[in-house]
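For reference, run_36.csv (CSV, C-alpha atoms):
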chain,number,residue,atom,x,y,z
A,445,MET,CA,-2.7,155.0,148.9
A,446,ALA,CA,-0.9,158.4,148.8
A,447,ARG,CA,-3.2,161.3,148.4
A,448,THR,CA,-2.7,164.4,146.3
A,449,SER,CA,-1.1,167.3,148.2
A,450,HIS,CA,-3.2,170.3,149.1
A,451,ARG,CA,-0.8,172.5,147.2
A,452,THR,CA,-2.0,171.0,143.9
A,453,SER,CA,-5.6,172.1,144.6
A,454,GLY,CA,-7.4,175.3,145.2
A,455,ALA,CA,-5.6,175.8,148.5
A,456,PHE,CA,-2.3,176.4,146.6
A,457,VAL,CA,-4.0,179.0,144.3
A,458,CYS,CA,-5.3,180.8,147.4
A,459,ASP,CA,-1.8,180.7,149.0
A,460,LEU,CA,-0.3,182.1,145.8
A,461,ARG,CA,-2.9,184.9,145.6
A,462,ARG,CA,-2.3,185.9,149.2
A,463,ARG,CA,1.4,185.9,148.7
A,464,VAL,CA,1.1,188.2,145.6
A,465,ARG,CA,-1.1,190.6,147.6
A,466,CYS,CA,1.4,190.6,150.5
A,467,ARG,CA,4.3,191.3,148.1
A,468,ALA,CA,2.4,194.1,146.5
A,469,HIS,CA,1.9,195.6,150.0
A,470,LEU,CA,5.6,195.3,150.7
A,471,LEU,CA,6.6,196.6,147.3
A,472,GLY,CA,4.5,199.7,147.7
A,473,ASP,CA,5.7,200.5,151.2
A,474,PHE,CA,9.4,199.6,151.2
A,475,ASN,CA,10.7,199.4,147.7
A,476,ARG,CA,11.2,203.1,147.0
A,477,GLU,CA,14.9,203.8,147.0
A,478,ASP,CA,14.3,207.5,147.6
A,479,GLN,CA,12.1,206.9,150.7
A,480,LEU,CA,13.7,208.3,153.9
A,481,VAL,CA,12.5,206.8,157.2
A,482,ALA,CA,13.6,208.8,160.3
A,483,ASN,CA,12.5,206.3,162.9
A,484,LEU,CA,10.6,203.1,163.3
A,485,ALA,CA,7.3,204.8,164.1
A,486,ASP,CA,7.4,206.5,160.7
A,487,LEU,CA,7.9,203.0,159.1
A,488,ALA,CA,5.5,200.9,161.2
A,489,THR,CA,2.2,202.8,160.5
A,490,ASP,CA,0.1,199.6,160.3
A,491,GLU,CA,-0.3,196.5,162.4
A,492,ARG,CA,1.3,194.1,159.9
A,493,THR,CA,4.4,196.2,159.4
A,494,ALA,CA,4.8,197.0,163.1
A,495,ARG,CA,4.6,193.3,164.0
A,496,MET,CA,7.2,192.5,161.3
A,497,ALA,CA,9.5,195.1,162.8
A,498,LEU,CA,8.9,193.8,166.3
A,499,SER,CA,10.0,190.3,165.2
A,500,MET,CA,13.3,191.9,164.1
A,501,ILE,CA,13.7,193.7,167.4
A,502,ALA,CA,12.6,191.4,170.2
A,503,GLU,CA,13.5,187.8,170.8
A,504,PRO,CA,10.8,185.1,170.7
A,505,ASN,CA,9.0,184.2,173.9
A,506,ASP,CA,9.3,187.8,175.1
A,507,SER,CA,6.2,188.0,177.4
A,508,THR,CA,6.9,191.6,178.4
A,509,THR,CA,6.7,192.8,174.8
A,510,GLY,CA,3.8,190.4,174.2
A,511,ARG,CA,1.8,191.8,177.2
A,512,LEU,CA,2.3,195.3,175.9
A,513,LEU,CA,1.4,194.2,172.4
A,514,THR,CA,-1.9,192.7,173.6
A,515,ARG,CA,-2.7,195.9,175.5
A,516,VAL,CA,-1.9,198.7,173.0
A,517,GLY,CA,-1.3,197.0,169.6
A,518,ALA,CA,1.9,196.8,167.5
A,519,VAL,CA,1.9,200.3,166.1
A,520,GLU,CA,1.7,201.9,169.6
A,521,THR,CA,4.3,199.4,170.9
A,522,ILE,CA,6.8,200.5,168.3
A,523,ARG,CA,6.0,204.2,169.1
A,524,LEU,CA,6.6,203.6,172.8
A,525,LEU,CA,9.9,202.0,172.1
A,526,GLU,CA,11.2,205.3,170.8
A,527,ALA,CA,9.2,207.7,173.1
A,528,ASP,CA,10.0,209.0,176.5
A,529,SER,CA,6.4,208.6,177.9
A,530,MET,CA,5.3,206.1,180.5
A,531,VAL,CA,4.9,202.5,179.2
A,532,PRO,CA,1.5,201.0,180.0
A,533,VAL,CA,1.5,197.8,182.1
A,534,LEU,CA,5.1,198.5,183.0
A,535,GLY,CA,6.4,200.6,185.8
A,536,ARG,CA,8.9,203.4,185.2
A,537,VAL,CA,12.0,201.3,185.9
A,538,ASP,CA,10.7,198.3,184.0
A,539,GLY,CA,9.7,200.5,181.1
A,540,THR,CA,13.2,202.0,181.0
A,541,MET,CA,14.8,198.6,181.0
A,542,TRP,CA,12.5,197.4,178.3
A,543,ARG,CA,13.5,200.4,176.1
A,544,GLU,CA,17.2,199.9,176.8
A,545,ARG,CA,17.0,196.2,176.0
A,546,HIS,CA,15.3,196.7,172.6
A,547,GLY,CA,15.7,200.3,171.5
A,548,SER,CA,19.3,200.0,170.3
A,549,ARG,CA,19.0,196.6,168.6
A,550,VAL,CA,18.0,197.8,165.1
A,551,SER,CA,17.5,201.1,163.2
A,552,ALA,CA,14.6,202.1,161.0
A,553,GLU,CA,17.0,202.0,158.0
A,554,SER,CA,18.1,198.4,158.7
A,555,VAL,CA,14.5,197.3,159.2
A,556,THR,CA,13.6,198.9,155.9
A,557,GLU,CA,16.4,197.1,154.1
A,558,ARG,CA,15.3,193.7,155.7
A,559,LEU,CA,11.7,194.3,154.6
A,560,ARG,CA,12.9,194.9,151.1
A,561,GLU,CA,14.8,191.6,151.2
A,562,VAL,CA,11.6,189.9,152.4
A,563,ASP,CA,9.8,191.2,149.3
A,564,ARG,CA,12.7,190.1,147.0
A,565,LEU,CA,12.6,186.6,148.4
A,566,GLY,CA,8.8,186.3,148.2
A,567,ILE,CA,8.5,185.2,151.9
A,568,GLY,CA,5.0,185.0,153.3
A,569,VAL,CA,3.8,186.9,156.4
A,570,LEU,CA,1.0,186.0,158.8
A,571,ILE,CA,-0.3,188.0,161.7
A,572,PRO,CA,-3.3,187.4,164.0
A,573,GLY,CA,-6.6,187.9,162.1
A,574,ASP,CA,-5.2,186.5,158.8
A,575,GLN,CA,-7.2,183.7,157.3
A,576,ASP,CA,-4.3,181.2,157.8
A,577,TRP,CA,-3.2,182.4,161.2
A,578,PRO,CA,-3.2,179.3,163.5
A,579,ALA,CA,-5.5,180.1,166.4
A,580,SER,CA,-3.9,177.4,168.5
A,581,VAL,CA,-0.8,179.5,169.1
A,582,ASP,CA,-2.9,182.1,170.8
A,583,ASP,CA,-3.0,179.7,173.7
A,584,LEU,CA,0.5,180.9,174.4
A,585,GLY,CA,-0.9,184.2,175.6
A,586,ASP,CA,1.6,187.0,176.0
A,587,SER,CA,4.3,184.6,174.7
A,588,ALA,CA,2.6,184.1,171.4
A,589,PRO,CA,4.6,184.9,168.3
A,590,PHE,CA,4.3,188.5,167.0
A,591,VAL,CA,4.3,187.2,163.4
A,592,LEU,CA,4.9,184.0,161.4
A,593,TRP,CA,7.1,184.0,158.3
A,594,THR,CA,6.3,181.3,155.8
A,595,GLN,CA,7.6,179.5,152.7
A,596,GLY,CA,5.1,177.1,151.2
A,597,ALA,CA,1.4,176.3,151.8
A,598,ALA,CA,0.5,178.6,154.7
A,599,SER,CA,-3.0,177.1,154.6
A,600,PHE,CA,-1.7,174.1,156.5
A,601,LEU,CA,-1.7,176.3,159.6
A,602,ALA,CA,-5.4,177.0,159.3
A,603,ARG,CA,-6.3,173.3,159.7
A,604,PRO,CA,-7.6,172.2,163.1
A,605,PRO,CA,-5.0,171.3,165.7
A,606,SER,CA,-6.4,167.8,165.7
A,607,ASP,CA,-5.2,167.4,162.1
A,608,LEU,CA,-1.6,168.2,163.2
A,609,VAL,CA,0.8,165.9,165.2
A,610,THR,CA,4.1,167.2,166.4
A,611,VAL,CA,6.9,164.6,166.3
A,612,THR,CA,10.3,165.3,168.0
A,613,GLY,CA,13.2,163.4,169.5
A,614,ALA,CA,16.9,162.8,169.6
A,615,ARG,CA,19.3,164.2,167.0
A,616,ALA,CA,21.6,161.3,167.6
A,617,ALA,CA,18.9,158.8,167.0
A,618,THR,CA,19.4,155.1,167.0
A,619,SER,CA,18.3,152.7,164.2
A,620,TYR,CA,15.5,151.6,166.5
A,621,GLY,CA,14.2,155.2,166.9
A,622,GLU,CA,14.4,155.9,163.2
A,623,HIS,CA,12.5,152.8,162.4
A,624,VAL,CA,9.7,153.5,164.9
A,625,VAL,CA,9.3,157.2,163.9
A,626,ALA,CA,9.3,156.3,160.2
A,627,GLU,CA,6.4,153.9,160.7
A,628,ILE,CA,4.4,156.3,163.0
A,629,ALA,CA,4.9,159.4,160.8
A,630,GLY,CA,4.3,157.6,157.6
A,631,ASP,CA,1.0,156.0,158.9
A,632,LEU,CA,-0.3,159.3,160.2
A,633,ALA,CA,0.6,161.1,157.0
A,634,GLN,CA,-1.3,158.6,155.0
A,635,GLU,CA,-4.3,159.3,157.3
A,636,GLU,CA,-4.1,163.0,156.2
A,637,ARG,CA,-2.5,164.1,159.5
A,638,VAL,CA,0.1,166.9,159.1
A,639,ILE,CA,3.4,166.0,160.6
A,640,VAL,CA,5.0,168.9,162.5
A,641,ALA,CA,8.7,168.8,163.3
A,642,GLY,CA,11.8,171.0,163.6
A,643,GLY,CA,13.8,169.9,160.6
A,644,ALA,CA,16.7,168.6,162.8
A,645,TYR,CA,18.9,165.6,162.2
A,646,GLY,CA,17.8,162.3,163.7
A,647,ILE,CA,14.1,161.7,164.6
A,648,GLU,CA,12.7,165.0,163.2
A,649,GLY,CA,14.4,164.5,159.8
A,650,VAL,CA,13.1,161.0,159.5
A,651,ALA,CA,9.6,162.1,160.4
A,652,HIS,CA,9.6,164.7,157.6
A,653,ARG,CA,11.0,162.2,155.1
A,654,ALA,CA,8.4,159.6,156.1
A,655,ALA,CA,5.6,162.1,155.6
A,656,LEU,CA,6.8,163.1,152.2
A,657,ALA,CA,7.4,159.5,151.1
A,658,SER,CA,3.8,158.7,152.0
A,659,GLY,CA,2.5,161.5,149.9
A,660,GLY,CA,1.4,163.4,153.0
A,661,ASP,CA,1.9,166.9,154.4
A,662,THR,CA,4.6,168.1,156.7
A,663,ILE,CA,5.5,171.4,158.4
A,664,ALA,CA,9.1,172.3,159.4
A,665,VAL,CA,9.3,174.9,162.3
A,666,LEU,CA,12.7,176.6,162.2
A,667,ALA,CA,14.6,178.4,165.0
A,668,GLY,CA,16.1,180.8,162.5
A,669,GLY,CA,14.9,182.5,159.3
A,670,VAL,CA,13.0,180.5,156.7
A,671,ASP,CA,15.6,181.6,154.2
A,672,ARG,CA,18.4,180.1,156.2
A,673,PRO,CA,18.0,176.3,156.1
A,674,TYR,CA,19.3,174.7,159.3
A,675,PRO,CA,21.0,172.4,159.7
A,676,ALA,CA,22.8,173.0,156.5
A,677,GLY,CA,22.9,169.2,155.8
A,678,HIS,CA,19.1,169.3,155.5
A,679,SER,CA,19.0,172.1,153.0
A,680,GLU,CA,17.6,169.8,150.3
A,681,LEU,CA,15.0,168.3,152.6
A,682,LEU,CA,13.8,171.7,153.8
A,683,GLY,CA,13.7,172.9,150.2
A,684,ARG,CA,11.4,169.9,149.4
A,685,ILE,CA,9.2,170.8,152.4
A,686,ALA,CA,8.9,174.4,151.2
A,687,ASP,CA,7.9,173.1,147.8
A,688,THR,CA,5.2,170.6,148.9
A,689,GLY,CA,4.5,171.5,152.5
A,690,LEU,CA,5.4,174.5,154.7
A,691,VAL,CA,8.5,175.9,156.4
A,692,VAL,CA,7.6,178.4,159.1
A,693,SER,CA,9.4,180.5,161.7
A,694,GLU,CA,8.7,183.4,164.1
A,695,MET,CA,12.2,184.6,163.5
A,696,PRO,CA,12.6,187.1,160.6
A,697,PRO,CA,14.5,186.2,157.4
A,698,GLY,CA,18.2,186.3,157.9
A,699,ALA,CA,18.1,185.3,161.6
A,700,THR,CA,20.4,182.6,162.8
A,701,PRO,CA,19.4,179.9,165.4
A,702,THR,CA,20.6,180.3,169.0
A,703,ARG,CA,20.1,178.1,172.1
A,704,HIS,CA,17.3,180.5,173.3
A,705,ARG,CA,15.6,180.4,169.9
A,706,PHE,CA,15.7,176.6,169.8
A,707,LEU,CA,14.0,176.4,173.2
A,708,ALA,CA,11.5,179.1,172.2
A,709,ARG,CA,10.8,177.1,169.0
A,710,GLY,CA,9.7,174.2,171.2
A,711,ARG,CA,6.7,176.1,172.6
A,712,LEU,CA,5.5,176.9,169.0
A,713,MET,CA,5.8,173.3,167.9
A,714,ALA,CA,3.8,172.2,171.0
A,715,ALA,CA,1.1,174.9,170.4
A,716,LEU,CA,0.5,174.1,166.8
A,717,SER,CA,-0.6,170.5,167.4
A,718,GLN,CA,-3.2,168.8,169.6
A,719,THR,CA,-0.7,166.0,170.3
A,720,THR,CA,3.1,165.8,170.6
A,721,VAL,CA,5.0,162.5,170.4
A,722,LEU,CA,8.6,162.0,171.6
A,723,VAL,CA,10.7,159.3,170.0
A,724,GLU,CA,14.0,159.0,171.9
A,725,ALA,CA,15.2,161.8,174.1
A,726,GLY,CA,18.2,161.8,176.5
A,727,ALA,CA,17.8,162.8,180.1
A,728,ARG,CA,18.9,166.4,179.3
A,729,SER,CA,17.5,166.6,175.7
A,730,GLY,CA,16.1,169.9,174.6
A,731,THR,CA,13.1,168.0,173.2
A,732,LEU,CA,11.9,167.5,176.8
A,733,HIS,CA,11.3,171.2,176.9
A,734,THR,CA,8.8,170.8,174.0
A,735,ALA,CA,7.2,168.0,176.0
A,736,LEU,CA,6.9,170.3,179.0
A,737,GLN,CA,5.3,173.0,176.9
A,738,ALA,CA,2.8,170.6,175.5
A,739,ARG,CA,1.7,169.6,179.0
A,740,LEU,CA,1.5,173.3,180.1
A,741,LEU,CA,-0.8,174.0,177.2
A,742,GLY,CA,-3.0,171.1,178.0
A,743,ARG,CA,-2.0,169.1,174.9
A,744,SER,CA,-1.8,165.3,174.7
A,745,LEU,CA,1.7,164.0,175.1
A,746,GLY,CA,3.0,160.6,174.1
A,747,ALA,CA,6.3,158.9,174.3
A,748,VAL,CA,7.8,155.9,172.6
A,749,PRO,CA,9.6,153.6,175.1
A,750,GLY,CA,13.2,152.5,174.5
A,751,PRO,CA,15.6,150.0,175.9
A,752,VAL,CA,16.5,150.6,179.6
A,753,THR,CA,20.2,150.4,178.5
A,754,SER,CA,19.9,153.1,175.9
A,755,ALA,CA,20.9,156.7,176.9
A,756,ALA,CA,18.9,157.9,173.9
A,757,SER,CA,15.7,156.8,175.6
A,758,SER,CA,16.3,157.8,179.2
A,759,GLY,CA,14.3,160.9,178.8
A,760,THR,CA,11.3,159.3,177.2
A,761,ASN,CA,11.4,156.4,179.6
A,762,GLY,CA,11.4,158.9,182.5
A,763,LEU,CA,8.3,160.6,181.1
A,764,LEU,CA,6.5,157.2,181.0
A,765,ARG,CA,7.7,156.3,184.5
A,766,ASP,CA,6.4,159.5,185.9
A,767,GLN,CA,3.2,159.1,184.0
A,768,SER,CA,3.8,162.5,182.3
A,769,ALA,CA,3.3,160.9,178.9
A,770,ARG,CA,1.2,158.1,177.5
A,771,LEU,CA,2.7,155.0,176.0
A,772,VAL,CA,3.0,155.1,172.2
A,773,THR,CA,4.1,152.0,170.3
A,774,GLY,CA,2.5,152.9,167.0
A,775,SER,CA,0.2,155.2,165.1
A,776,GLY,CA,-2.8,153.5,166.7
A,777,ASP,CA,-1.8,154.9,170.1
A,778,VAL,CA,-1.5,158.4,168.6
A,779,ARG,CA,-5.0,158.1,167.1
A,780,GLN,CA,-6.3,157.1,170.5
A,781,LEU,CA,-4.7,160.1,172.1
A,782,LEU,CA,-6.3,162.3,169.5
A,783,ASP,CA,-9.7,160.7,170.0
A,784,GLU,CA,-9.5,161.0,173.8
A,785,HIS,CA,-8.5,164.6,173.6
A,786,ALA,CA,-11.4,165.4,171.3
A,787,GLN,CA,-13.9,163.6,173.6
A,788,SER,CA,-12.5,165.5,176.6
A,789,GLU,CA,-13.0,168.8,174.8
A,790,LEU,CA,-16.6,167.9,173.8
A,791,ARG,CA,-17.4,166.9,177.4
A,792,GLN,CA,-16.0,170.1,178.8
A,793,SER,CA,-18.0,172.1,176.2
A,794,ARG,CA,-21.2,170.4,177.2
A,795,GLU,CA,-20.5,170.9,180.9
A,796,PHE,CA,-19.8,174.6,180.2
A,797,ALA,CA,-23.1,174.9,178.2
A,798,GLN,CA,-25.1,173.3,181.0
A,799,THR,CA,-23.5,175.6,183.6
A,800,MET,CA,-24.4,178.6,181.5
A,801,GLN,CA,-28.0,177.4,181.1
A,802,THR,CA,-28.4,176.8,184.8
A,803,SER,CA,-26.9,180.2,185.6
A,804,GLN,CA,-29.3,181.9,183.1
A,805,ALA,CA,-32.3,180.1,184.5
A,806,VAL,CA,-31.4,181.2,188.1
A,807,THR,CA,-30.9,184.9,187.1
A,808,SER,CA,-34.1,185.0,185.1
A,809,GLN,CA,-36.3,183.9,188.0
A,810,PRO,CA,-38.5,186.7,189.5
A,811,PRO,CA,-37.4,187.9,193.0
A,812,GLY,CA,-38.8,186.1,195.9
A,813,LEU,CA,-39.2,182.7,194.2
Could you take the file, read its structure, and then write that structure out as structure tokens?
Amino acid sequence: MARTSHRTSGAFVCDLRRRVRCRAHLLGDFNREDQLVANLADLATDERTARMALSMIAEPNDSTTGRLLTRVGAVETIRLLEADSMVPVLGRVDGTMWRERHGSRVSAESVTERLREVDRLGIGVLIPGDQDWPASVDDLGDSAPFVLWTQGAASFLARPPSDLVTVTGARAATSYGEHVVAEIAGDLAQEERVIVAGGAYGIEGVAHRAALASGGDTIAVLAGGVDRPYPAGHSELLGRIADTGLVVSEMPPGATPTRHRFLARGRLMAALSQTTVLVEAGARSGTLHTALQARLLGRSLGAVPGPVTSAASSGTNGLLRDQSARLVTGSGDVRQLLDEHAQSELRQSREFAQTMQTSQAVTSQPPGL
């Protein structure tokens, strides 16, 4: 039986209130036509604005900027971008290269105009520390997103990673792959799991539609701005997801997808969920990069087997052959992956607690005993 979407309950009201507060913040800071901003440091005087500006300057998965951000914060990172002083954590040469790579990309005036556009469109903004910021993406370390831009129910991101399942696969999917992913995504959505996918043609599009048809929740992670539905043929689908679920991106509004941004998007999809499932992927498919990121992050990885004669399944069959992924033939296998991961985390937590207790007992003993 289909359940009522979270957006029809108190969660939606909270999302709406937070969006109104965010828009009021933007309106007060950026919507004065007579305001003159000489440089980015004058504009980015708080952590939120500075992170928004950084997402318009640096490309995603920029660990150098991320390392600096972790060390000194966003406001100081913006200041260092325009200063001549030594850049912490970077040598003189690396610091100079970092400034040259980013310093000329945008001006304070263009950032101000883009922030005004964000306000006009009513796009949500999340940064670390916000109630709905997904703590799971912090596992990416210095490669974590600077900010997340949202359209829809941002509260989905605050749910435990065990509630989310990432589904990805071939764009040129076969009827076999579409049938299997529709069953898996539909079943999981009915069990109140949130289906995470990238909004692409093929497997991901079917996964989104199956979740919606089941009355469940789904998140579309885009490689471009949330205001630029991509692919264009999925504009209606992405609009439905924004209305009843969530569309999210680390790229600022107006940004277009590129190959690098697609690959970077894969690490975000893997980080959001506890489990990633691949349904059809060729030997050189970009979705294999998402699978690699899931393994690097210690997430559960499953793959649906396909015919040995099908090029669309050569990548997933290879993962299974190498024992890099667990066999998935239905939603029951995904549930088992989720349960095993939860049990493993509980066991590790208990072992850590026992180690700490033993260590404290030893250090608390009087000398000479």
- Determine the nearest neighbour of Gly742 of chain A from the options A:Leu559, A:Ala714, A:Ala641, A:Ala755, counting all atoms listed in the file. A:Ala714
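Take atom CA of Ala657 of chain A and atom CA of Arg684 of chain A: the distance between them is 11.3 Å.
Using only C-alpha atoms, the contacts of Glu627 of chain A at a cut-off of 12 Å, with sequence neighbours closer than 5 positions omitted, comprise Tyr620, Gly621, Glu622, Leu632, Ala633, Gln634, Ile647, Val650, Ala651, His652, Arg653, Ala654, Ala655, Ala657, Ser658, Val723, Thr773, Gly774, Ser775 and Gly776 of chain A.
With distances taken from (16.4, 162.5, 161.7) and restricted to only C-alpha atoms, the residues inside 8 Å are Ala614, Arg615, Ala616, Ala617, Glu622, Gly643, Ala644, Tyr645, Gly646, Ile647, Glu648, Gly649, Val650 and Ala651 of chain A.
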- Using only C-alpha atoms, pick whichever of A:Leu740, A:Ala626, A:Val778, A:Ala588 has the shortest atom-to-atom distance to Glu503 of chain A.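 Of all the options, A:Ala588 lies closest to Glu503 of chain A.
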- Query: Near Thr508 of chain A, within 12 Å and counting only C-alpha atoms, which residues show up once chain neighbours fewer than 5 positions away are dropped, as a ChimeraX atom specification?
  - Reply: /A:502-503,513-515,521,531-535,538-539,541-543,545-546,585-588
- Query: What does the distance from atom CA of Thr493 of chain A to atom CA of Ala699 of chain A come to in Å, to one decimal?
  - Reply: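 Spanning atom CA of Thr493 of chain A to atom CA of Ala699 of chain A is a straight-line distance of 17.6 Å.
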- Item | Residues near segment 495-501 of chain A, cut-off 7 Å, only C-alpha atoms, skip fewer than 4 positions along chain, as JSON, numbers by chain | {"A": [491, 518, 546, 549, 550, 555, 590, 591, 695, 696]}
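Considering all atoms listed in the file, the residue among A:Val638, A:Ala485, A:Ala597, A:Val516 positioned nearest to Val609 of chain A is A:Val638.
The residue that comes closest to Arg728 of chain A, out of A:Gly547, A:Gly517, A:Gly613, A:Pro589 and on the basis of only C-alpha atoms, is A:Gly613.
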- Query: Which of these residues is nearest to Pro504 of chain A, using all atoms listed in the file: A:Thr753, A:Ser768, A:Ser693, A:Thr594?
  - Reply: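 With all atoms listed in the file as the atom set, the closest residue is A:Ser693.
Closest approach to Glu553 of chain A among A:Gly510, A:Ala488, A:His623, A:Ser599: A:Ala488, based on all atoms listed in the file.
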- One decimal, Å: what's the distance from atom CA of Leu570 of chain A over to atom CA of Gly659 of chain A, could you say? 26.1 Å
- Message: Counting all atoms listed in the file, which residues sit no farther than 10 Å from the position (-3.8, 165.2, 164.1) in the file's frame? I'd like them as a VMD selection string.
- Response: chain A and resid 603 to 610 632 to 633 635 to 640 717 to 720 778 to 779 781 to 783
Output the selection as a compact mmCIF listing (two decimals), keeping the file's coordinate frame - C-alpha atoms for each residue.
# COMPACT_ATOMS: atom_id res chain seq x y z
CA ARG A 603 -6.30 173.30 159.70
CA PRO A 604 -7.60 172.20 163.10
CA PRO A 605 -5.00 171.30 165.70
CA SER A 606 -6.40 167.80 165.70
CA ASP A 607 -5.20 167.40 162.10
CA LEU A 608 -1.60 168.20 163.20
CA VAL A 609 0.80 165.90 165.20
CA THR A 610 4.10 167.20 166.40
CA LEU A 632 -0.30 159.30 160.20
CA ALA A 633 0.60 161.10 157.00
CA GLU A 635 -4.30 159.30 157.30
CA GLU A 636 -4.10 163.00 156.20
CA ARG A 637 -2.50 164.10 159.50
CA VAL A 638 0.10 166.90 159.10
CA ILE A 639 3.40 166.00 160.60
CA VAL A 640 5.00 168.90 162.50
CA SER A 717 -0.60 170.50 167.40
CA GLN A 718 -3.20 168.80 169.60
CA THR A 719 -0.70 166.00 170.30
CA THR A 720 3.10 165.80 170.60
CA VAL A 778 -1.50 158.40 168.60
CA ARG A 779 -5.00 158.10 167.10
CA LEU A 781 -4.70 160.10 172.10
CA LEU A 782 -6.30 162.30 169.50
CA ASP A 783 -9.70 160.70 170.00
